[in-house]
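Enquirer: Take a look at the following structure, please.
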Amino acid sequence: MLPGRLCLVPLLLALGVGSGGGSGDGGDSRRRRLLAAKVNKHKPWIETSYHGVITENNDTVILDPPLVALDKDAPVPFAGEICAFKIHGQELPFEAVVLNKTSGEGRLRAKSPIDCELQKEYTFIIQAYDCGVGPREAAWKKSHKAVVHIQVKDVNEFAPTFKEPAYKVIVTEGKIYDSILQVEAIDEDCSPQYSQICNYEIVTTDVPFAIDRNGNIRNTEKLSFDKQRQYEILVTAYDCGQKPAAQDTLVQVDVKPVCKPGWQDWTKRIEYQPGSGSMPLFPSIHLETCDGAVSSLQVTAELQTNYIGKGCDRETYSEKSLQKLCGASSGIIDLLPSPSAATNWTAGLLVDSSEMIFKFDGRQGAKIPDGIVPKNLTDQFTITMWMKHGPSPGVRAEKETILCNSDKTEMNRHHYALYVHNCRLVFLLRKDFDQADTFRPAEFHWKLDQICDKEWHYYVINVEFPVVTLYMDGATYEPYLVTNDWPIHPSHIAMQLTVGACWQGGEVAKPRFAQFFHGSLASLTIRPGKMESQKVISCLQACKEGLDINSLESLGQGIKYHFNPSQSVLVMEGDDIGNINRALQKVSYINSRQFPTAGVRRLRLSSKVQCFGEDVCISIPDVDAYIMVLQAIEPQITLQGTERFWRPAAQFESARGVTLFPDIKIVSTFAKTEASGDTRTTGTAPKSAVLEEMLHNLDFCDILVLGGDLDPRQECLELNHSELHQRHLDATNSTAGYSIYGVGSMSRYEQVLHHLRYRNWHPTSLETRRFRIKCSELNGRYTSNEFNLEVSVLHEVRVSDKEHVNHLIVQPPFLQSVHHPESRSSIQRSSVVPSIATVVIIISVCMLVFVVAMGVYRVRIAHQHFLQETEAAKEAEMDWDDSALTITVNPMEKHEGPGHGEEETEGEEEEEAEEGMSSSSSGSDDSEEEEEEGMGRGRHGQSGTSSQSPGKSTWNTAGVINVWK
């Protein structure tokens, strides 16, 4: 407050102002006006300038300095008071109000909402007014004009937004860019704090990009067109108030490949459906040379199948079947067959897969039983095998025996052996003394890298002494070293043939295996007296899968190509890139197996380029792809036929015996998924499995005898060799059963099984015989169900004249003996005069004789009809039911009473009506005399009588009951 205002008080008191007194109200008013005019001498005083701040969306203005008006006329009422602040300007959103008239305090406030985005600052004039001389605004005095400058304070109410909803840029692979592109966001807030973008951020994770504060995007690593051709990243922005953008922006970065030489438009994974034949591998492939001056190009396509089966997809039939398929001569001996009852020496070996690959871990060996291989091999024989072997452990590796024939006891001589030693294949052959006591070739050595490369190879050793030739994978190799030795002295020591190790029977405390083999073997065979031809060797080791070329004629004259023997490697060469592209598009994969091994086949394409007169030519990277062979549809092999039947004993004793499987049927099906037509509920067609038949081969069928082996003294299984040879099948027979083997169709096996017979020379002691059949495809990979057959014999039971037939014939009560005391006269009388009972008995006997005659007649007709049906069906036997019962009883022993015979006849007729036509062919057991007696007229036709007449118990005088079980 100014000092002048304090000095006014004593002056007013001296003048008598405010002390009351006056003549009246009017006088007082006039005096006050005069006094006020004299008192209101000064104008109000305010600061010359004000600075204010207001937050948008608020009404309070904070001024610096505060809004206060002073007047030197104070404390005079009205004159020294401040009544108003007035703002000069048009449509200003502010007003000034007086808070205290005496103190002169005022306030500046907004009349309406202030928006910084509309106007950031306001400048206007303000003046203060005192209250004049009275309450009626008379004689107000105003202050000087003061300038008010108001700044609007911003609120961060707006989020940043990007200028573009999406950005797109194309970059070249293999480069690091400082800035690929710049994104920009804006903010509608008015203040620098909230309107400026202080930060950008990449929202998408795991992308090789970064962004700076100014929105510049760069790549953090070199981009590759082959790895990823396009990136899509999301970017957001933050203002300086850390408010994020309302919506992220999309940045699309397309990677443009640098033109570099290489193969284009090929697929890494190629799926092969079994049975689809030849399938192109690279239907759209072409070479990009980047305008390089290429003069010639050589392309090598390699199919890598070393880890599949025995090196590639080969047939997995037994070795004997493969030999026969390839046309090899007979006499092969399989030393590593599938374990069975007849070939059980391989049962303890480790089996690596279903393809009968035997794995030897250095602790196992197998003894070949005596008699499997001849004791002394001739000067000509062949040894074949599949082998996969790696380097031997240790510095001084021991011999690893594959095949060894040594002394069983006493001594330890090796007569012949095949073993691996330090990655060398050695064949030992010590001949016996025969004519000359001289050195002879004994050891043949081959040094080959393939022996220890841990991959499958096919070895054939052809021996034509003294020449020994090795075939490996179809190629011929002569031994690099041949050592001579003395022949072996003759002795009577038995020899032991082993596989996987050598039997050491002498020079040790306890005989044992030694020189174990480490590796895998398959199809180890020996053929005495015969050498294999080159054609057979190539067939045995041939792959069923490989590379192929569709339409060789369209390759053009400028293309040269070459396959390796197994067709796993194809080399193509030409000087025109277009022709090479078209030729490579015709390269295909083929697998001729009906059930190929599922899995991956690696495929590599390598290239060599020559350029015109340039020292440095373009380099083309290899193509690494793979073929995925899908799982083949597995067949379900089913054996169907009659499972139980009965035959008379005479048929078992006959020369042809009993046909076991006259109606057997072999069917193979697979489940095929089909969509039904009902789509009303789900909208999609439901799938249902439908069984469809498929045709394929079988490789063996085993017929096993259940319930004990066959007794060769009285029974056997027989099959004509002509039936086998006509269908190119073989068989082995033993007391345990019959084994039919060889690759043949299911119909061939059916025809052979239809002719298999069972004979028994003493069927009276035989109740039933049970057999079981099980068939296989691909050496047990797919097997059929076990079909069981039960064969029973129809026995004949003989009873004496006085023996009762239990439960079959009920003795009439009137035939029982009744003893009455009779007088002698009665006896004499009965001998002279026939009694009524005697007459009745005679009549009954006559009737019985007639019945017997009719029964024999029917039996004869039925027997002739049965023989005709048997001959017409070609041994197709009739299945008997044990519910039908035929009885032959001596009619002279028992007598049929009235009434009871009718009951029995009616029961028999009802029984036959239920069972159907019951055969009563027991005529084969009747004598010729009975046949001639009973039916002299029945031999001339009426063959249909037996089939229509009800089968009844047959009576004859021999006292024989024929029971059909």
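Letters A, B, ... mark the chains of the structure tokens in the order given; residue numbers begin at 1 per chain; ligand numbers begin at 1, in order shown.
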Check segment 434-562 of chain A with DSSP on the backbone and list each residue it calls strand (DSSP E or B), as an MDAnalysis selection string.

Expert: chainID A and resid 440:447 456:464 467:472 475:477 481:485 488 495:499 502:504 506 512:514 518:528 545:549 560:562

Enquirer: For Ile637 of chain A, list every protein, DNA or RNA residue within 8 Å, evaluated using only C-alpha atoms, and leave out those in the same chain fewer than 5 positions away; present the list as a list in words.

Expert: Ile666, Val667, Ser668, Thr669, Tyr782, Thr783, Ser784 and Asn785 of chain A

Enquirer: Restricting the output to C-alpha atoms, write the selected residues as a tab-separated table (two decimals), in the first residue's frame.

Expert:
chain	number	residue	atom	x	y	z
A	666	ILE	CA	-7.15	-116.43	-49.53
A	667	VAL	CA	-8.41	-112.85	-49.60
A	668	SER	CA	-6.46	-109.65	-49.00
A	669	THR	CA	-8.29	-106.43	-48.19
A	782	TYR	CA	2.41	-108.96	-43.37
A	783	THR	CA	0.85	-112.16	-42.03
A	784	SER	CA	-2.58	-113.69	-42.31
A	785	ASN	CA	-4.90	-114.92	-39.62

Enquirer: Pick out the residues sitting within 7 Å of Leu660 of chain A, and hand them over as a list in words; count only C-alpha atoms, and ignore anything fewer than 2 positions along from it in its own chain.

Expert: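 Result of the neighbour search: Val658, Pro662, Leu756, Arg757 and Tyr758 of chain A.
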
Enquirer: From a DSSP pass on the backbone, collect the residues of segment 458-563 of chain A flagged as alpha helix (DSSP H) and hand them back as a list in words.

Expert: Gln534, Lys535, Val536, Ile537, Ser538, Cys539 and Leu540 of chain A

Enquirer: The selected residues should be written to file as a compact mmCIF listing (two decimals), in the first residue's frame (atoms: N, CA, C and O atoms).

Expert:
# COMPACT_ATOMS: atom_id res chain seq x y z
N GLN A 534 26.93 -113.47 -63.77
CA GLN A 534 26.91 -112.02 -63.57
C GLN A 534 25.48 -111.49 -63.59
O GLN A 534 25.13 -110.56 -62.86
N LYS A 535 24.63 -112.06 -64.41
CA LYS A 535 23.25 -111.61 -64.52
C LYS A 535 22.50 -111.85 -63.21
O LYS A 535 21.76 -110.97 -62.73
N VAL A 536 22.70 -113.01 -62.61
CA VAL A 536 22.02 -113.32 -61.36
C VAL A 536 22.54 -112.42 -60.24
O VAL A 536 21.77 -111.92 -59.41
N ILE A 537 23.84 -112.18 -60.22
CA ILE A 537 24.42 -111.32 -59.19
C ILE A 537 23.84 -109.91 -59.28
O ILE A 537 23.49 -109.30 -58.27
N SER A 538 23.73 -109.39 -60.49
CA SER A 538 23.16 -108.06 -60.66
C SER A 538 21.71 -108.01 -60.22
O SER A 538 21.25 -107.02 -59.64
N CYS A 539 20.98 -109.08 -60.48
CA CYS A 539 19.57 -109.11 -60.09
C CYS A 539 19.42 -109.16 -58.58
O CYS A 539 18.57 -108.48 -58.01
N LEU A 540 20.27 -109.92 -57.91
CA LEU A 540 20.15 -110.08 -56.46
C LEU A 540 20.45 -108.79 -55.71
O LEU A 540 19.89 -108.55 -54.63

Enquirer: Using only C-alpha atoms, which residue out of A:Ser619, A:Thr123, A:Gln751, A:Asn100 lies closest to Ile664 of chain A?

Expert: A:Gln751

Enquirer: Quick one: residues within 9 Å of segment 521-523 of chain A, only C-alpha atoms counted, chain neighbours fewer than 4 positions away excluded, as a list in words?

Expert: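 That gives Lys310, Ser318, Glu319, Asp334, Leu335, Leu336, Pro337, Glu355, Met356, Ile357, Phe358, Lys359, Phe360, Thr384, Met385, Trp386, Met387, Lys388, His389, Ile402 and Gly500 of chain A.
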
Enquirer: Env of Gln594 of chain A: 12 Å cut, atoms = only C-alpha atoms, seq-sep filter 6 positions within chain, self excluded. Answer as a ChimeraX atom specification.

Expert: /A:273-277,313-316,544-545,631-635,694-697,777-778

Enquirer: Export, as an mmCIF file, in the first residue's frame, the selected residues with N, CA, C and O atoms.

Expert:
data_model
loop_
_atom_site.group_PDB
_atom_site.id
_atom_site.type_symbol
_atom_site.label_atom_id
_atom_site.label_comp_id
_atom_site.auth_asym_id
_atom_site.auth_seq_id
_atom_site.Cartn_x
_atom_site.Cartn_y
_atom_site.Cartn_z
ATOM 1 N N GLN A 273 3.740 -91.267 -53.109
ATOM 2 C CA GLN A 273 2.698 -92.204 -52.715
ATOM 3 C C GLN A 273 3.017 -93.580 -53.298
ATOM 4 O O GLN A 273 3.209 -93.710 -54.507
ATOM 5 N N PRO A 274 3.110 -94.627 -52.456
ATOM 6 C CA PRO A 274 3.416 -95.961 -52.989
ATOM 7 C C PRO A 274 2.419 -96.381 -54.057
ATOM 8 O O PRO A 274 1.224 -96.154 -53.950
ATOM 9 N N GLY A 275 2.953 -96.979 -55.097
ATOM 10 C CA GLY A 275 2.124 -97.430 -56.203
ATOM 11 C C GLY A 275 1.829 -96.380 -57.243
ATOM 12 O O GLY A 275 1.075 -96.652 -58.182
ATOM 13 N N SER A 276 2.410 -95.192 -57.106
ATOM 14 C CA SER A 276 2.128 -94.116 -58.063
ATOM 15 C C SER A 276 3.065 -94.138 -59.258
ATOM 16 O O SER A 276 3.004 -93.235 -60.100
ATOM 17 N N GLY A 277 3.956 -95.118 -59.335
ATOM 18 C CA GLY A 277 4.826 -95.222 -60.495
ATOM 19 C C GLY A 277 5.935 -94.202 -60.478
ATOM 20 O O GLY A 277 6.542 -93.914 -59.452
ATOM 21 N N ASP A 313 15.854 -99.603 -51.092
ATOM 22 C CA ASP A 313 14.624 -100.382 -50.984
ATOM 23 C C ASP A 313 14.732 -101.608 -51.883
ATOM 24 O O ASP A 313 14.625 -101.512 -53.110
ATOM 25 N N ARG A 314 14.971 -102.743 -51.278
ATOM 26 C CA ARG A 314 15.058 -104.011 -52.004
ATOM 27 C C ARG A 314 13.950 -104.934 -51.538
ATOM 28 O O ARG A 314 13.339 -104.725 -50.497
ATOM 29 N N GLU A 315 13.716 -105.977 -52.322
ATOM 30 C CA GLU A 315 12.710 -106.945 -51.929
ATOM 31 C C GLU A 315 13.138 -107.628 -50.632
ATOM 32 O O GLU A 315 14.305 -107.968 -50.448
ATOM 33 N N THR A 316 12.191 -107.830 -49.742
ATOM 34 C CA THR A 316 12.493 -108.443 -48.453
ATOM 35 C C THR A 316 11.984 -109.884 -48.375
ATOM 36 O O THR A 316 11.689 -110.377 -47.303
ATOM 37 N N LYS A 544 15.048 -101.680 -55.839
ATOM 38 C CA LYS A 544 13.698 -101.542 -56.379
ATOM 39 C C LYS A 544 13.293 -100.076 -56.506
ATOM 40 O O LYS A 544 12.209 -99.775 -56.988
ATOM 41 N N GLU A 545 14.158 -99.172 -56.066
ATOM 42 C CA GLU A 545 13.901 -97.744 -56.197
ATOM 43 C C GLU A 545 15.098 -97.084 -56.852
ATOM 44 O O GLU A 545 16.217 -97.601 -56.783
ATOM 45 N N GLN A 631 3.665 -94.037 -46.053
ATOM 46 C CA GLN A 631 3.355 -95.396 -45.615
ATOM 47 C C GLN A 631 2.360 -96.041 -46.577
ATOM 48 O O GLN A 631 1.323 -95.465 -46.907
ATOM 49 N N ALA A 632 2.694 -97.241 -47.032
ATOM 50 C CA ALA A 632 1.794 -97.963 -47.933
ATOM 51 C C ALA A 632 0.591 -98.496 -47.164
ATOM 52 O O ALA A 632 0.645 -98.702 -45.944
ATOM 53 N N ILE A 633 -0.489 -98.696 -47.886
ATOM 54 C CA ILE A 633 -1.680 -99.274 -47.277
ATOM 55 C C ILE A 633 -1.390 -100.725 -46.914
ATOM 56 O O ILE A 633 -0.991 -101.529 -47.765
ATOM 57 N N GLU A 634 -1.556 -101.057 -45.648
ATOM 58 C CA GLU A 634 -1.227 -102.407 -45.191
ATOM 59 C C GLU A 634 -2.370 -103.364 -45.515
ATOM 60 O O GLU A 634 -3.534 -103.073 -45.228
ATOM 61 N N PRO A 635 -2.052 -104.501 -46.097
ATOM 62 C CA PRO A 635 -3.111 -105.461 -46.425
ATOM 63 C C PRO A 635 -3.508 -106.308 -45.213
ATOM 64 O O PRO A 635 -2.709 -106.522 -44.300
ATOM 65 N N MET A 694 -7.397 -106.358 -52.631
ATOM 66 C CA MET A 694 -6.188 -106.000 -53.361
ATOM 67 C C MET A 694 -5.432 -107.287 -53.671
ATOM 68 O O MET A 694 -5.493 -108.264 -52.920
ATOM 69 N N LEU A 695 -4.754 -107.288 -54.790
ATOM 70 C CA LEU A 695 -4.003 -108.451 -55.235
ATOM 71 C C LEU A 695 -2.523 -108.219 -54.996
ATOM 72 O O LEU A 695 -1.992 -107.158 -55.325
ATOM 73 N N HIS A 696 -1.887 -109.190 -54.397
ATOM 74 C CA HIS A 696 -0.438 -109.133 -54.207
ATOM 75 C C HIS A 696 0.069 -110.557 -54.042
ATOM 76 O O HIS A 696 -0.705 -111.528 -54.052
ATOM 77 N N ASN A 697 1.347 -110.698 -53.882
ATOM 78 C CA ASN A 697 1.963 -112.017 -53.785
ATOM 79 C C ASN A 697 2.030 -112.483 -52.339
ATOM 80 O O ASN A 697 1.879 -111.709 -51.399
ATOM 81 N N GLU A 777 3.490 -112.465 -46.380
ATOM 82 C CA GLU A 777 3.984 -111.662 -47.494
ATOM 83 C C GLU A 777 5.204 -110.889 -47.019
ATOM 84 O O GLU A 777 5.238 -110.393 -45.885
ATOM 85 N N LEU A 778 6.225 -110.818 -47.863
ATOM 86 C CA LEU A 778 7.457 -110.073 -47.564
ATOM 87 C C LEU A 778 8.127 -110.606 -46.308
ATOM 88 O O LEU A 778 8.499 -109.864 -45.411
#

Enquirer: How many Å separate atom CA of Thr305 of chain A from atom CA of Arg602 of chain A?

Expert: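 Atom CA of Thr305 of chain A sits 6.8 Å away from atom CA of Arg602 of chain A.
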
Enquirer: So which residues touch Lys222 of chain A within 9 Å, counting only C-alpha atoms, skipping near sequence neighbours fewer than 2 positions away, as a PyMOL selection string?

Expert: chain A and resi 173-177+208+219-220+224

Enquirer: To one decimal place in Å, what is the distance between atom CA of Asp291 of chain A and atom CA of Thr172 of chain A?

Expert: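 Computing the Euclidean distance for atom CA of Asp291 of chain A and atom CA of Thr172 of chain A yields 18.5 Å.
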
Enquirer: For Ser330 of chain A, which residue among A:Lys431, A:Phe700, A:Thr378, A:Asp730 is the nearest when counting only C-alpha atoms?

Expert: A:Asp730

Enquirer: Using only C-alpha atoms, which residues sit within 7 Å of Ser607 of chain A once same-chain residues fewer than 4 positions away are excluded, as a PyMOL selection string?

Expert: chain A and resi 298-300+620+622

Enquirer: Between A:Glu288, A:Asp178, A:Glu81, A:Asp663, single out the one closest to Gly134 of chain A, counting only C-alpha atoms.

Expert: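 Nearest candidate to Gly134 of chain A out of A:Glu288, A:Asp178, A:Glu81, A:Asp663: A:Glu81.
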
Enquirer: Counting only C-alpha atoms, which residue out of A:Gln504, A:Ser734, A:Asn156, A:Thr498 sits closest to Pro369 of chain A?

Expert: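 Closest candidate: A:Thr498.
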
Enquirer: Just give me the gap between atom CA of Gln364 of chain A and atom CA of Ile461 of chain A in Å, one decimal is fine.

Expert: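 Going from atom CA of Gln364 of chain A over to atom CA of Ile461 of chain A, I get 24.0 Å.
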